[in-house]
Amino acid sequence: MKLIIVSGRSGSGKTTCLHVLEDLGYYCVDNIPASLLAALAQRLSADSVQLSEVAVSIDARNLYEDIAQFPQLYQALRDAAIDCQIIFLDADDATLLKRFSETRRKHPLSTDEVSLFEAIVSERALLDPIAAQADLTLDTSTLSLHQLRDVIKNRVAARGAKGLALQFLSFGFKNGVPVDSDLVFDARCLPNPYWIETLRKFSGLEQPVQDYLERQIEVQNMLHDITAFLERWLPHYQANNRSYVTVAIGCTGGRHRSVYLCEKLNQHFLAARYNAQVRHKDLS
């Protein structure tokens, strides 16, 4: 049986994630007590039931003691030879505050004495035992509902058949490094098409910028070095039972150099039969 545990702070998109998995054929259980994970897994993997794909959510509505003991509970599942993985969703504090303000939902940790903002901040510490074990961490701050659905479908559903799910993520350092990055490369030292008036309006997806960057020896050297690094070390990630790896490449604004490099790397590793995809965080 394959078991996916969905967790994260309230308002980060856990319900949407669970609904997507349910649409994909997973048997889903919302907010199960963490202490009952082993019993549920044993019941659903029994010969009389034989469910092959199960997803459960565990969040701040759980008992504090259960969440604190989660690392031991999760290890017990792995010791029982259950194929399990954790997806942890999160967003920045301001985004979560805005989402709650717009929907007028009550935060599970807020009370007459605890404000909404205080509840959002304290929830991060409460769920840290789960977040520390996560196989895949998704920052949903800039994702729309439809984009989140696509990410879950592409990264989680496709991973089952093809092994390691590899994502190339371009971003702009001026907007901050994505929190869901596993490996980060800095392309700001490369020639910048932004300073060429005729190229500024184009992105790294378009031919004029691609032609310019392909003529720059520094760009091609970095592309070669990153490719060689990943070819050498990705098999080690796979051997260590990693399910997801996000390779983030940043430039100043996230429009030209990082986009070009991510596209080239994605093409290379797709041809090498990796389950690869590309996402451009700051390319509008």
# chains A, B, ... in the order shown; residues from 1 in each chain; ligands from 1
$ residues_around --residues "Leu24 of chain A" --least-positions-apart "2" --cutoff "12 Å" --atoms "only C-alpha atoms" --output "PyMOL selection string"
chain A and resi 17-22+26-28+53-55+149+152-154+156-158+160
$ write_last_selection --atoms "N, CA and C atoms" --output "PDB file, in the first residue's frame"
ATOM      1  N   CYS A  17      -5.298  19.793  -1.872  1.00  0.00           N
ATOM      2  CA  CYS A  17      -4.388  18.676  -2.158  1.00  0.00           C
ATOM      3  C   CYS A  17      -5.095  17.343  -1.968  1.00  0.00           C
ATOM      4  N   LEU A  18      -5.835  17.210  -0.878  1.00  0.00           N
ATOM      5  CA  LEU A  18      -6.533  15.960  -0.595  1.00  0.00           C
ATOM      6  C   LEU A  18      -7.607  15.689  -1.642  1.00  0.00           C
ATOM      7  N   HIS A  19      -8.299  16.734  -2.087  1.00  0.00           N
ATOM      8  CA  HIS A  19      -9.330  16.558  -3.114  1.00  0.00           C
ATOM      9  C   HIS A  19      -8.725  16.099  -4.440  1.00  0.00           C
ATOM     10  N   VAL A  20      -7.566  16.651  -4.786  1.00  0.00           N
ATOM     11  CA  VAL A  20      -6.896  16.233  -6.024  1.00  0.00           C
ATOM     12  C   VAL A  20      -6.519  14.751  -5.951  1.00  0.00           C
ATOM     13  N   LEU A  21      -5.963  14.349  -4.812  1.00  0.00           N
ATOM     14  CA  LEU A  21      -5.584  12.944  -4.652  1.00  0.00           C
ATOM     15  C   LEU A  21      -6.813  12.033  -4.700  1.00  0.00           C
ATOM     16  N   GLU A  22      -7.912  12.504  -4.132  1.00  0.00           N
ATOM     17  CA  GLU A  22      -9.139  11.715  -4.187  1.00  0.00           C
ATOM     18  C   GLU A  22      -9.617  11.554  -5.624  1.00  0.00           C
ATOM     19  N   TYR A  26      -7.181   8.006  -4.944  1.00  0.00           N
ATOM     20  CA  TYR A  26      -6.723   7.698  -3.593  1.00  0.00           C
ATOM     21  C   TYR A  26      -7.917   7.602  -2.642  1.00  0.00           C
ATOM     22  N   TYR A  27      -7.832   6.690  -1.680  1.00  0.00           N
ATOM     23  CA  TYR A  27      -8.788   6.628  -0.580  1.00  0.00           C
ATOM     24  C   TYR A  27      -8.324   7.649   0.448  1.00  0.00           C
ATOM     25  N   CYS A  28      -9.120   8.683   0.713  1.00  0.00           N
ATOM     26  CA  CYS A  28      -8.667   9.820   1.510  1.00  0.00           C
ATOM     27  C   CYS A  28      -9.386   9.905   2.848  1.00  0.00           C
ATOM     28  N   GLU A  53      -3.715   2.742  -2.745  1.00  0.00           N
ATOM     29  CA  GLU A  53      -3.308   4.134  -2.628  1.00  0.00           C
ATOM     30  C   GLU A  53      -4.197   4.844  -1.617  1.00  0.00           C
ATOM     31  N   VAL A  54      -3.581   5.360  -0.553  1.00  0.00           N
ATOM     32  CA  VAL A  54      -4.309   6.004   0.545  1.00  0.00           C
ATOM     33  C   VAL A  54      -3.642   7.346   0.848  1.00  0.00           C
ATOM     34  N   ALA A  55      -4.450   8.354   1.127  1.00  0.00           N
ATOM     35  CA  ALA A  55      -3.934   9.659   1.528  1.00  0.00           C
ATOM     36  C   ALA A  55      -4.677  10.121   2.776  1.00  0.00           C
ATOM     37  N   ARG A 149      -3.420  22.664  -7.917  1.00  0.00           N
ATOM     38  CA  ARG A 149      -3.931  21.385  -8.410  1.00  0.00           C
ATOM     39  C   ARG A 149      -2.991  20.775  -9.444  1.00  0.00           C
ATOM     40  N   ILE A 152       0.204  19.364  -7.771  1.00  0.00           N
ATOM     41  CA  ILE A 152      -0.047  18.081  -7.113  1.00  0.00           C
ATOM     42  C   ILE A 152      -0.165  16.968  -8.152  1.00  0.00           C
ATOM     43  N   LYS A 153      -0.900  17.228  -9.205  1.00  0.00           N
ATOM     44  CA  LYS A 153      -1.067  16.213 -10.254  1.00  0.00           C
ATOM     45  C   LYS A 153       0.273  15.855 -10.898  1.00  0.00           C
ATOM     46  N   ASN A 154       1.038  16.882 -11.230  1.00  0.00           N
ATOM     47  CA  ASN A 154       2.280  16.650 -11.972  1.00  0.00           C
ATOM     48  C   ASN A 154       3.397  16.076 -11.110  1.00  0.00           C
ATOM     49  N   VAL A 156       3.120  14.680  -7.761  1.00  0.00           N
ATOM     50  CA  VAL A 156       2.803  13.536  -6.911  1.00  0.00           C
ATOM     51  C   VAL A 156       2.302  12.361  -7.730  1.00  0.00           C
ATOM     52  N   ALA A 157       1.311  12.621  -8.596  1.00  0.00           N
ATOM     53  CA  ALA A 157       0.732  11.519  -9.366  1.00  0.00           C
ATOM     54  C   ALA A 157       1.737  10.923 -10.338  1.00  0.00           C
ATOM     55  N   ALA A 158       2.508  11.767 -11.018  1.00  0.00           N
ATOM     56  CA  ALA A 158       3.461  11.260 -12.007  1.00  0.00           C
ATOM     57  C   ALA A 158       4.621  10.540 -11.360  1.00  0.00           C
ATOM     58  N   GLY A 160       4.718   8.358  -9.013  1.00  0.00           N
ATOM     59  CA  GLY A 160       4.512   6.947  -8.699  1.00  0.00           C
ATOM     60  C   GLY A 160       5.019   6.012  -9.773  1.00  0.00           C
TER      61      GLY A 160
END
$ select_by_dssp --residues "segment 46-132 of chain A" --states "helix (DSSP H, G or I)" --output "PyMOL selection string"
chain A and resi 64-68+70-79+93-103+116-126+128-131
$ atom_distance --atom1 "atom CA of Glu118 of chain A" --atom2 "atom CA of Asp30 of chain A"
24.7 Å
$ closest_residue --among "A:Gln42, A:Gly11, A:Ser141, A:Arg124" --to "Phe100 of chain A" --atoms "only C-alpha atoms"
A:Gly11
$ atom_distance --atom1 "atom CA of Tyr64 of chain A" --atom2 "atom CA of Leu126 of chain A"
7.6 Å
$ decode --residues "segment 117-246 of chain A" --atoms "C-alpha atoms" --output "CSV table (one decimal), in the first residue's frame"
chain,number,residue,atom,x,y,z
A,117,PHE,CA,-1.8,36.3,13.6
A,118,GLU,CA,-0.5,34.7,16.8
A,119,ALA,CA,-2.3,31.5,15.9
A,120,ILE,CA,-0.7,31.4,12.4
A,121,VAL,CA,2.8,32.0,13.9
A,122,SER,CA,2.4,29.4,16.7
A,123,GLU,CA,1.1,26.8,14.2
A,124,ARG,CA,4.4,26.7,12.5
A,125,ALA,CA,6.2,25.6,15.7
A,126,LEU,CA,3.4,23.1,16.5
A,127,LEU,CA,3.8,21.3,13.1
A,128,ASP,CA,7.6,21.4,13.0
A,129,PRO,CA,7.9,17.6,13.9
A,130,ILE,CA,5.9,16.8,10.7
A,131,ALA,CA,7.6,19.5,8.5
A,132,ALA,CA,11.0,18.2,9.4
A,133,GLN,CA,10.1,14.7,8.0
A,134,ALA,CA,8.6,16.0,4.8
A,135,ASP,CA,9.6,14.4,1.4
A,136,LEU,CA,8.1,17.4,-0.5
A,137,THR,CA,7.5,20.9,0.8
A,138,LEU,CA,5.3,23.2,-1.3
A,139,ASP,CA,5.2,27.0,-0.8
A,140,THR,CA,1.7,27.9,-2.0
A,141,SER,CA,2.1,31.7,-1.4
A,142,THR,CA,2.0,32.6,-5.1
A,143,LEU,CA,0.0,29.6,-6.4
A,144,SER,CA,-3.6,29.9,-7.5
A,145,LEU,CA,-6.1,27.1,-6.8
A,146,HIS,CA,-5.7,25.8,-10.3
A,147,GLN,CA,-1.9,26.0,-10.2
A,148,LEU,CA,-1.8,24.1,-6.9
A,149,ARG,CA,-3.9,21.4,-8.4
A,150,ASP,CA,-1.6,21.1,-11.4
A,151,VAL,CA,1.5,20.9,-9.1
A,152,ILE,CA,0.0,18.1,-7.1
A,153,LYS,CA,-1.1,16.2,-10.3
A,154,ASN,CA,2.3,16.6,-12.0
A,155,ARG,CA,4.6,16.1,-9.0
A,156,VAL,CA,2.8,13.5,-6.9
A,157,ALA,CA,0.7,11.5,-9.4
A,158,ALA,CA,3.5,11.3,-12.0
A,159,ARG,CA,6.1,10.3,-9.5
A,160,GLY,CA,4.5,6.9,-8.7
A,161,ALA,CA,5.2,5.5,-12.1
A,162,LYS,CA,8.6,7.1,-12.8
A,163,GLY,CA,10.5,7.3,-9.5
A,164,LEU,CA,12.2,10.5,-8.5
A,165,ALA,CA,10.2,13.7,-9.3
A,166,LEU,CA,12.6,16.4,-10.5
A,167,GLN,CA,11.6,20.0,-10.7
A,168,PHE,CA,13.6,22.9,-12.2
A,169,LEU,CA,12.4,26.2,-10.6
A,170,SER,CA,13.5,29.6,-11.9
A,171,PHE,CA,13.2,32.6,-9.6
A,172,GLY,CA,14.4,36.1,-9.0
A,173,PHE,CA,16.6,36.8,-6.0
A,174,LYS,CA,15.0,40.2,-5.5
A,175,ASN,CA,11.8,38.3,-4.5
A,176,GLY,CA,13.6,35.8,-2.2
A,177,VAL,CA,14.8,32.2,-2.5
A,178,PRO,CA,11.9,29.7,-2.7
A,179,VAL,CA,11.5,27.8,0.6
A,180,ASP,CA,10.8,24.5,-1.2
A,181,SER,CA,14.3,24.5,-2.9
A,182,ASP,CA,16.6,21.5,-2.4
A,183,LEU,CA,19.5,22.8,-4.5
A,184,VAL,CA,20.0,26.4,-5.3
A,185,PHE,CA,22.3,27.8,-8.1
A,186,ASP,CA,23.0,31.5,-8.5
A,187,ALA,CA,23.1,32.8,-12.2
A,188,ARG,CA,23.5,36.5,-11.4
A,189,CYS,CA,27.2,36.4,-12.4
A,190,LEU,CA,26.2,35.7,-16.0
A,191,PRO,CA,25.7,38.2,-18.8
A,192,ASN,CA,22.3,39.8,-18.3
A,193,PRO,CA,20.0,40.3,-21.4
A,194,TYR,CA,18.1,42.9,-19.3
A,195,TRP,CA,20.8,45.5,-20.0
A,196,ILE,CA,20.4,45.1,-23.8
A,197,GLU,CA,17.5,47.4,-24.8
A,198,THR,CA,16.3,45.1,-27.7
A,199,LEU,CA,16.2,42.0,-25.4
A,200,ARG,CA,14.7,43.5,-22.2
A,201,LYS,CA,11.1,42.9,-23.2
A,202,PHE,CA,11.6,39.2,-24.0
A,203,SER,CA,12.0,36.4,-21.5
A,204,GLY,CA,14.2,33.3,-21.4
A,205,LEU,CA,11.4,31.4,-23.2
A,206,GLU,CA,11.8,33.5,-26.3
A,207,GLN,CA,14.2,33.0,-29.2
A,208,PRO,CA,16.0,36.4,-29.1
A,209,VAL,CA,17.1,35.9,-25.5
A,210,GLN,CA,17.9,32.2,-26.1
A,211,ASP,CA,20.1,33.1,-29.1
A,212,TYR,CA,22.0,35.7,-27.1
A,213,LEU,CA,22.6,33.4,-24.1
A,214,GLU,CA,23.7,30.5,-26.3
A,215,ARG,CA,26.5,32.7,-27.6
A,216,GLN,CA,27.8,33.5,-24.1
A,217,ILE,CA,30.6,31.1,-23.1
A,218,GLU,CA,30.0,31.7,-19.4
A,219,VAL,CA,26.3,30.7,-19.7
A,220,GLN,CA,27.2,27.5,-21.5
A,221,ASN,CA,29.9,26.7,-19.0
A,222,MET,CA,27.5,27.1,-16.1
A,223,LEU,CA,24.9,25.0,-17.9
A,224,HIS,CA,27.5,22.3,-18.4
A,225,ASP,CA,28.7,22.3,-14.8
A,226,ILE,CA,25.2,22.2,-13.3
A,227,THR,CA,24.3,19.3,-15.7
A,228,ALA,CA,27.4,17.4,-14.7
A,229,PHE,CA,26.7,18.0,-11.0
A,230,LEU,CA,23.1,16.7,-11.3
A,231,GLU,CA,24.1,13.7,-13.4
A,232,ARG,CA,26.6,12.7,-10.8
A,233,TRP,CA,24.5,13.2,-7.6
A,234,LEU,CA,20.8,12.6,-8.6
A,235,PRO,CA,21.4,8.8,-8.5
A,236,HIS,CA,22.6,9.2,-4.9
A,237,TYR,CA,19.4,11.0,-4.0
A,238,GLN,CA,17.4,8.2,-5.6
A,239,ALA,CA,19.5,5.6,-3.7
A,240,ASN,CA,18.7,7.5,-0.5
A,241,ASN,CA,15.0,7.0,-1.2
A,242,ARG,CA,14.3,10.6,-2.0
A,243,SER,CA,11.0,11.1,-3.8
A,244,TYR,CA,11.3,14.7,-4.8
A,245,VAL,CA,14.2,17.1,-5.7
A,246,THR,CA,13.7,20.8,-6.6
